[in-house]
>>> print(open('data.cif').read())   # mmCIF, C-alpha atoms and all ligand atoms
data_upload
loop_
_atom_site.label_atom_id
_atom_site.label_comp_id
_atom_site.auth_asym_id
_atom_site.auth_seq_id
_atom_site.Cartn_x
_atom_site.Cartn_y
_atom_site.Cartn_z
CA MET A 23 26.96 -45.01 58.53
CA ASP A 24 27.26 -46.84 61.82
CA TYR A 25 27.37 -43.90 64.21
CA TYR A 26 25.07 -45.74 66.56
CA SER A 27 24.97 -49.17 68.02
CA ASN A 28 23.38 -51.80 65.86
CA GLN A 29 20.13 -51.85 67.81
CA ILE A 30 19.60 -48.11 67.53
CA SER A 31 20.36 -48.24 63.82
CA ARG A 32 17.81 -50.99 63.39
CA LEU A 33 15.18 -49.03 65.26
CA ILE A 34 15.85 -45.96 63.10
CA GLU A 35 15.66 -48.09 59.99
CA GLU A 36 12.31 -49.59 61.00
CA PHE A 37 10.83 -46.17 61.68
CA SER A 38 12.06 -44.77 58.38
CA ARG A 39 10.07 -47.46 56.56
CA LEU A 40 6.83 -45.95 57.84
CA PRO A 41 4.92 -43.60 55.54
CA GLY A 42 5.74 -39.94 55.99
CA ILE A 43 8.73 -40.63 58.22
CA GLY A 44 12.00 -39.34 56.82
CA ALA A 45 15.49 -40.07 58.09
CA LYS A 46 15.44 -37.19 60.60
CA SER A 47 12.06 -38.06 62.06
CA ALA A 48 13.06 -41.71 62.30
CA GLN A 49 16.10 -40.73 64.31
CA ARG A 50 14.06 -38.47 66.57
CA LEU A 51 11.48 -41.20 67.21
CA ALA A 52 14.14 -43.80 67.93
CA PHE A 53 15.83 -41.61 70.53
CA HIS A 54 12.49 -40.71 72.00
CA ILE A 55 11.65 -44.38 72.46
CA ILE A 56 14.99 -45.10 74.08
CA ASN A 57 14.39 -42.36 76.59
CA MET A 58 10.83 -43.36 77.38
CA PRO A 59 10.02 -45.23 80.62
CA LYS A 60 10.28 -48.95 79.99
CA GLU A 61 6.67 -49.53 80.92
CA GLN A 62 5.47 -47.06 78.31
CA VAL A 63 7.54 -48.75 75.63
CA GLU A 64 6.07 -52.11 76.60
CA ASN A 65 2.58 -50.63 76.32
CA LEU A 66 3.35 -49.25 72.90
CA ALA A 67 4.78 -52.55 71.69
CA LYS A 68 1.73 -54.40 73.02
CA CYS A 69 -0.62 -51.92 71.33
CA LEU A 70 1.11 -52.45 67.99
CA LEU A 71 0.90 -56.22 68.28
CA ASP A 72 -2.69 -56.26 69.55
CA ALA A 73 -3.85 -54.01 66.73
CA ARG A 74 -2.02 -56.04 64.13
CA ASN A 75 -3.26 -59.35 65.50
CA ASN A 76 -6.87 -58.50 66.25
CA VAL A 77 -7.98 -55.82 63.84
CA ARG A 78 -9.92 -57.14 60.88
CA TYR A 79 -12.68 -56.11 58.52
CA CYS A 80 -16.20 -55.64 59.88
CA SER A 81 -18.23 -58.50 58.42
CA GLN A 82 -20.88 -56.03 57.28
CA CYS A 83 -19.29 -52.72 56.24
CA CYS A 84 -15.64 -53.81 55.84
CA THR A 85 -14.24 -51.04 58.01
CA LEU A 86 -11.45 -51.94 60.41
CA THR A 87 -12.57 -53.22 63.80
CA ASP A 88 -11.56 -55.75 66.43
CA ARG A 89 -15.04 -57.28 66.61
CA GLU A 90 -17.15 -59.29 64.21
CA LEU A 91 -19.30 -56.18 63.68
CA CYS A 92 -17.99 -52.63 64.07
CA PRO A 93 -19.70 -50.34 66.64
CA ILE A 94 -21.58 -48.48 63.90
CA CYS A 95 -23.09 -51.59 62.27
CA ASN A 96 -23.83 -52.91 65.74
CA ASN A 97 -25.69 -49.77 66.82
CA PRO A 98 -29.49 -50.30 66.70
CA ASP A 99 -30.05 -46.52 66.62
CA ARG A 100 -28.31 -46.15 63.27
CA ASP A 101 -30.38 -46.24 60.11
CA GLN A 102 -29.23 -49.54 58.60
CA LYS A 103 -31.13 -48.82 55.37
CA THR A 104 -28.94 -45.90 54.34
CA ILE A 105 -25.44 -46.89 53.28
CA MET A 106 -22.70 -44.36 52.58
CA VAL A 107 -19.93 -45.74 50.40
CA VAL A 108 -16.45 -44.39 51.20
CA GLU A 109 -12.96 -45.26 50.05
CA THR A 110 -11.16 -45.67 53.37
CA PRO A 111 -11.80 -46.01 57.11
CA ARG A 112 -10.30 -42.49 57.42
CA ASP A 113 -13.12 -41.13 55.24
CA LEU A 114 -15.60 -42.89 57.51
CA ALA A 115 -13.96 -41.23 60.50
CA ALA A 116 -14.23 -37.82 58.80
CA TYR A 117 -18.00 -38.23 58.39
CA GLU A 118 -18.40 -39.60 61.89
CA LYS A 119 -16.71 -36.50 63.25
CA THR A 120 -19.51 -34.35 61.84
CA GLY A 121 -21.86 -36.26 64.16
CA LYS A 122 -24.74 -35.59 61.75
CA TYR A 123 -24.86 -38.75 59.68
CA ASN A 124 -27.03 -41.46 61.15
CA GLY A 125 -26.82 -44.14 58.49
CA VAL A 126 -24.21 -46.85 58.12
CA TYR A 127 -21.19 -47.15 55.83
CA HIS A 128 -19.49 -49.37 53.35
CA VAL A 129 -15.71 -49.09 53.06
CA LEU A 130 -14.28 -50.02 49.67
CA HIS A 131 -10.60 -49.92 50.70
CA GLY A 132 -9.58 -48.14 47.54
CA ALA A 133 -10.97 -46.88 44.28
CA ILE A 134 -11.01 -48.15 40.74
CA SER A 135 -7.93 -46.94 38.88
CA PRO A 136 -7.20 -48.28 35.40
CA MET A 137 -3.88 -46.39 35.52
CA LEU A 138 -2.73 -48.25 38.62
CA GLY A 139 -4.30 -51.49 37.47
CA ILE A 140 -6.90 -51.48 40.24
CA GLY A 141 -10.12 -52.97 38.93
CA PRO A 142 -13.58 -53.46 40.47
CA GLY A 143 -12.48 -56.87 41.76
CA ASP A 144 -9.70 -55.29 43.82
CA ILE A 145 -11.96 -53.24 46.07
CA ARG A 146 -14.80 -54.35 48.38
CA LEU A 147 -17.55 -54.02 45.80
CA LYS A 148 -18.78 -57.60 45.85
CA GLU A 149 -19.49 -57.20 49.58
CA LEU A 150 -21.49 -54.04 48.87
CA MET A 151 -23.61 -55.74 46.23
CA GLU A 152 -24.29 -58.60 48.65
CA ARG A 153 -25.53 -56.12 51.24
CA LEU A 154 -27.93 -54.65 48.73
CA GLN A 155 -29.82 -57.95 48.62
CA GLY A 156 -31.14 -56.90 52.01
CA ASP A 157 -33.47 -54.05 52.91
CA VAL A 158 -31.76 -50.87 51.68
CA ASP A 159 -33.39 -47.50 50.88
CA GLU A 160 -30.46 -45.44 49.66
CA VAL A 161 -26.80 -45.74 48.74
CA ILE A 162 -24.87 -42.49 49.07
CA ILE A 163 -21.65 -42.58 47.10
CA ALA A 164 -19.05 -40.51 48.93
CA THR A 165 -15.88 -41.53 47.14
CA ASN A 166 -13.31 -38.76 46.64
CA SER A 167 -13.72 -36.31 43.79
CA SER A 168 -10.47 -37.47 42.21
CA LEU A 169 -10.54 -39.19 38.81
CA GLU A 170 -10.46 -42.57 40.57
CA GLY A 171 -13.23 -41.58 42.96
CA GLU A 172 -15.45 -40.38 40.12
CA THR A 173 -14.76 -43.50 38.06
CA THR A 174 -15.69 -45.63 41.05
CA ALA A 175 -18.86 -43.63 41.70
CA MET A 176 -19.98 -44.04 38.12
CA TYR A 177 -19.23 -47.73 38.13
CA ILE A 178 -21.15 -48.32 41.34
CA SER A 179 -24.17 -46.29 40.27
CA LYS A 180 -24.42 -48.32 37.06
CA LEU A 181 -24.31 -51.54 39.09
CA ILE A 182 -26.98 -50.39 41.52
CA LYS A 183 -29.41 -48.69 39.13
CA PRO A 184 -31.05 -51.95 37.94
CA THR A 185 -31.83 -52.93 41.54
CA GLY A 186 -34.17 -49.93 41.89
CA ILE A 187 -32.40 -48.77 45.06
CA LYS A 188 -31.96 -44.99 45.24
CA VAL A 189 -28.36 -43.98 44.48
CA SER A 190 -26.98 -40.54 45.20
CA ARG A 191 -23.62 -38.80 44.96
CA ILE A 192 -22.37 -36.25 47.47
CA ALA A 193 -22.22 -32.72 46.08
CA SER A 194 -18.98 -31.60 44.51
CA GLY A 195 -18.49 -28.80 47.03
CA VAL A 196 -15.53 -31.00 47.82
CA PRO A 197 -12.52 -29.67 45.90
CA VAL A 198 -11.48 -31.79 42.95
CA GLY A 199 -8.74 -34.20 43.86
CA GLY A 200 -9.40 -33.43 47.52
CA ASP A 201 -9.02 -36.19 50.01
CA LEU A 202 -12.16 -36.46 52.11
CA GLU A 203 -10.32 -36.75 55.38
CA TYR A 204 -8.73 -33.31 55.02
CA ILE A 205 -11.94 -31.48 54.34
CA ASP A 206 -13.56 -29.61 57.18
CA GLU A 207 -16.80 -30.80 58.72
CA VAL A 208 -18.95 -27.98 57.40
CA THR A 209 -17.91 -28.73 53.82
CA LEU A 210 -18.54 -32.43 54.39
CA LEU A 211 -22.02 -31.78 55.72
CA ARG A 212 -22.82 -29.45 52.85
CA ALA A 213 -21.63 -32.11 50.40
CA LEU A 214 -23.83 -34.69 52.11
CA GLU A 215 -26.93 -32.50 52.30
CA GLY A 216 -26.51 -31.32 48.72
CA ARG A 217 -26.23 -34.83 47.34
CA THR A 218 -27.92 -35.46 44.02
CA GLN A 219 -29.72 -38.55 42.89
CA LEU A 220 -27.94 -40.42 40.11
ZN ZN B 1 -19.37 -52.24 60.21
#
>>> encode(input="data.cif", output="structure tokens")
Amino acid sequence: MDYYSNQISRLIEEFSRLPGIGAKSAQRLAFHIINMPKEQVENLAKCLLDARNNVRYCSQCCTLTDRELCPICNNPDRDQKTIMVVETPRDLAAYEKTGKYNGVYHVLHGAISPMLGIGPGDIRLKELMERLQGDVDEVIIATNSSLEGETTAMYISKLIKPTGIKVSRIASGVPVGGDLEYIDEVTLLRALEGRTQL
């Protein structure tokens, strides 16, 4: 097992703990790092630490940011009365890439899954309901079209209905079980424009 010095082995081991990194990739990354200019490695290490130390949840939409408010919530040109509910910051990024959505977001950080034991209290739903005490015109539910995403959408719409705020669900042009972040921009836009009121 110990073909390499202890420090290289440790580096390989750390990389292989990352998602999607198998033994071969871990080895390749470790050797790449060792051959990189020292300054670049220091930059990378600093980036990792800075991100880990400073990134937190936006106090309004719960996406990841290094400020109190993320740039989207902080932007006066965005329509703060339209809130799109997504599962992850990656889904938010997918919609931002279309450049056509001018509202704000709410990131749940997950979806309700009875199978995995994830209940409504385990995602950022309470924060969403608190936001709805303010001036909100529409909540667009853009959770994935997986079983969990649909369960979550139904749960949220039932919670919001009594408040009288308009609730809509993005069209299911999005393939079932499809992760939002892998869907192309045209499909995303079509799903958004074709949303139906719940
Ligand atoms: Zn925000």
>>> closest_residue(input="data.cif", among="A:Val108, A:Ile94, A:Ala73, A:Leu66", to="ligand ZN 1 (chain B)", atoms="all atoms listed in the file")
A:Ile94
>>> residues_near_ligand(input="data.cif", ligand="ligand ZN 1 (chain B)", cutoff="9 Å", atoms="all atoms listed in the file", output="VMD selection string")
chain A and resid 79 to 87 90 to 96 126 to 129
>>> atom_distance(input="data.cif", atom1="atom CA of Arg153 of chain A", atom2="atom CA of Glu118 of chain A")
20.9 Å
>>> axis_aligned_box(input="data.cif", around="segment 105-114 of chain A", padding_each_side="4 Å", output="lines of an AutoDock Vina configuration file")
center_x = -17.9
center_y = -44.0
center_z = 53.8
size_x = 23.1
size_y = 13.8
size_z = 15.5
>>> atom_distance(input="data.cif", atom1="atom CA of Gly216 of chain A", atom2="atom CA of Ile105 of chain A")
16.3 Å
>>> closest_residue(input="data.cif", among="A:Leu211, A:Met58, A:Leu220, A:Ile134", to="Lys119 of chain A", atoms="all atoms listed in the file")
A:Leu211
>>> closest_atom_pairs(input="data.cif", of="segment 100-127 of chain A", to="segment 176-193 of chain A", cutoff="10 Å", atoms="all atoms listed in the file", output="Markdown table")
| residue | atom | partner | partner_atom | distance |
| --- | --- | --- | --- | --- |
| A:Thr104 | CA | A:Lys188 | CA | 9.6 |
| A:Ile105 | CA | A:Val189 | CA | 9.7 |
| A:Met106 | CA | A:Ser190 | CA | 9.3 |
| A:Val107 | CA | A:Ile178 | CA | 9.5 |
>>> atom_distance(input="data.cif", atom1="atom CA of Tyr26 of chain A", atom2="atom CA of Arg74 of chain A")
29.1 Å
>>> residues_around(input="data.cif", residues="segment 42-54 of chain A", least_positions_apart="3", cutoff="12 Å", atoms="only C-alpha atoms", output="ChimeraX atom specification")
/A:25-26,29-39,57-60,62-63
>>> write_last_selection(input="data.cif", atoms="C-alpha atoms", output="CSV table (one decimal), in the frame of the given file")
chain,number,residue,atom,x,y,z
A,25,TYR,CA,27.4,-43.9,64.2
A,26,TYR,CA,25.1,-45.7,66.6
A,29,GLN,CA,20.1,-51.8,67.8
A,30,ILE,CA,19.6,-48.1,67.5
A,31,SER,CA,20.4,-48.2,63.8
A,32,ARG,CA,17.8,-51.0,63.4
A,33,LEU,CA,15.2,-49.0,65.3
A,34,ILE,CA,15.8,-46.0,63.1
A,35,GLU,CA,15.7,-48.1,60.0
A,36,GLU,CA,12.3,-49.6,61.0
A,37,PHE,CA,10.8,-46.2,61.7
A,38,SER,CA,12.1,-44.8,58.4
A,39,ARG,CA,10.1,-47.5,56.6
A,57,ASN,CA,14.4,-42.4,76.6
A,58,MET,CA,10.8,-43.4,77.4
A,59,PRO,CA,10.0,-45.2,80.6
A,60,LYS,CA,10.3,-49.0,80.0
A,62,GLN,CA,5.5,-47.1,78.3
A,63,VAL,CA,7.5,-48.8,75.6
>>> residues_around(input="data.cif", residues="Arg146 of chain A", least_positions_apart="3", cutoff="10 Å", atoms="all atoms listed in the file", output="PyMOL selection string")
chain A and resi 83-84+109+128-133+142-143+149-151
>>> write_last_selection(input="data.cif", atoms="C-alpha atoms", output="mmCIF file, keeping the file's coordinate frame")
data_model
loop_
_atom_site.group_PDB
_atom_site.id
_atom_site.type_symbol
_atom_site.label_atom_id
_atom_site.label_comp_id
_atom_site.auth_asym_id
_atom_site.auth_seq_id
_atom_site.Cartn_x
_atom_site.Cartn_y
_atom_site.Cartn_z
ATOM 1 C CA CYS A 83 -19.290 -52.720 56.240
ATOM 2 C CA CYS A 84 -15.640 -53.810 55.840
ATOM 3 C CA GLU A 109 -12.960 -45.260 50.050
ATOM 4 C CA HIS A 128 -19.490 -49.370 53.350
ATOM 5 C CA VAL A 129 -15.710 -49.090 53.060
ATOM 6 C CA LEU A 130 -14.280 -50.020 49.670
ATOM 7 C CA HIS A 131 -10.600 -49.920 50.700
ATOM 8 C CA GLY A 132 -9.580 -48.140 47.540
ATOM 9 C CA ALA A 133 -10.970 -46.880 44.280
ATOM 10 C CA PRO A 142 -13.580 -53.460 40.470
ATOM 11 C CA GLY A 143 -12.480 -56.870 41.760
ATOM 12 C CA GLU A 149 -19.490 -57.200 49.580
ATOM 13 C CA LEU A 150 -21.490 -54.040 48.870
ATOM 14 C CA MET A 151 -23.610 -55.740 46.230
#
>>> closest_residue(input="data.cif", among="A:Leu210, A:Ile162, A:Ala175, A:Leu40", to="Ser135 of chain A", atoms="all atoms listed in the file")
A:Ala175
>>> closest_residue(input="data.cif", among="A:Gly139, A:Gly125, A:Pro111, A:Pro98", to="Val161 of chain A", atoms="only C-alpha atoms")
A:Gly125
>>> closest_residue(input="data.cif", among="A:Arg217, A:Arg78, A:Lys103, A:Lys148", to="Asn124 of chain A", atoms="all atoms listed in the file")
A:Lys103
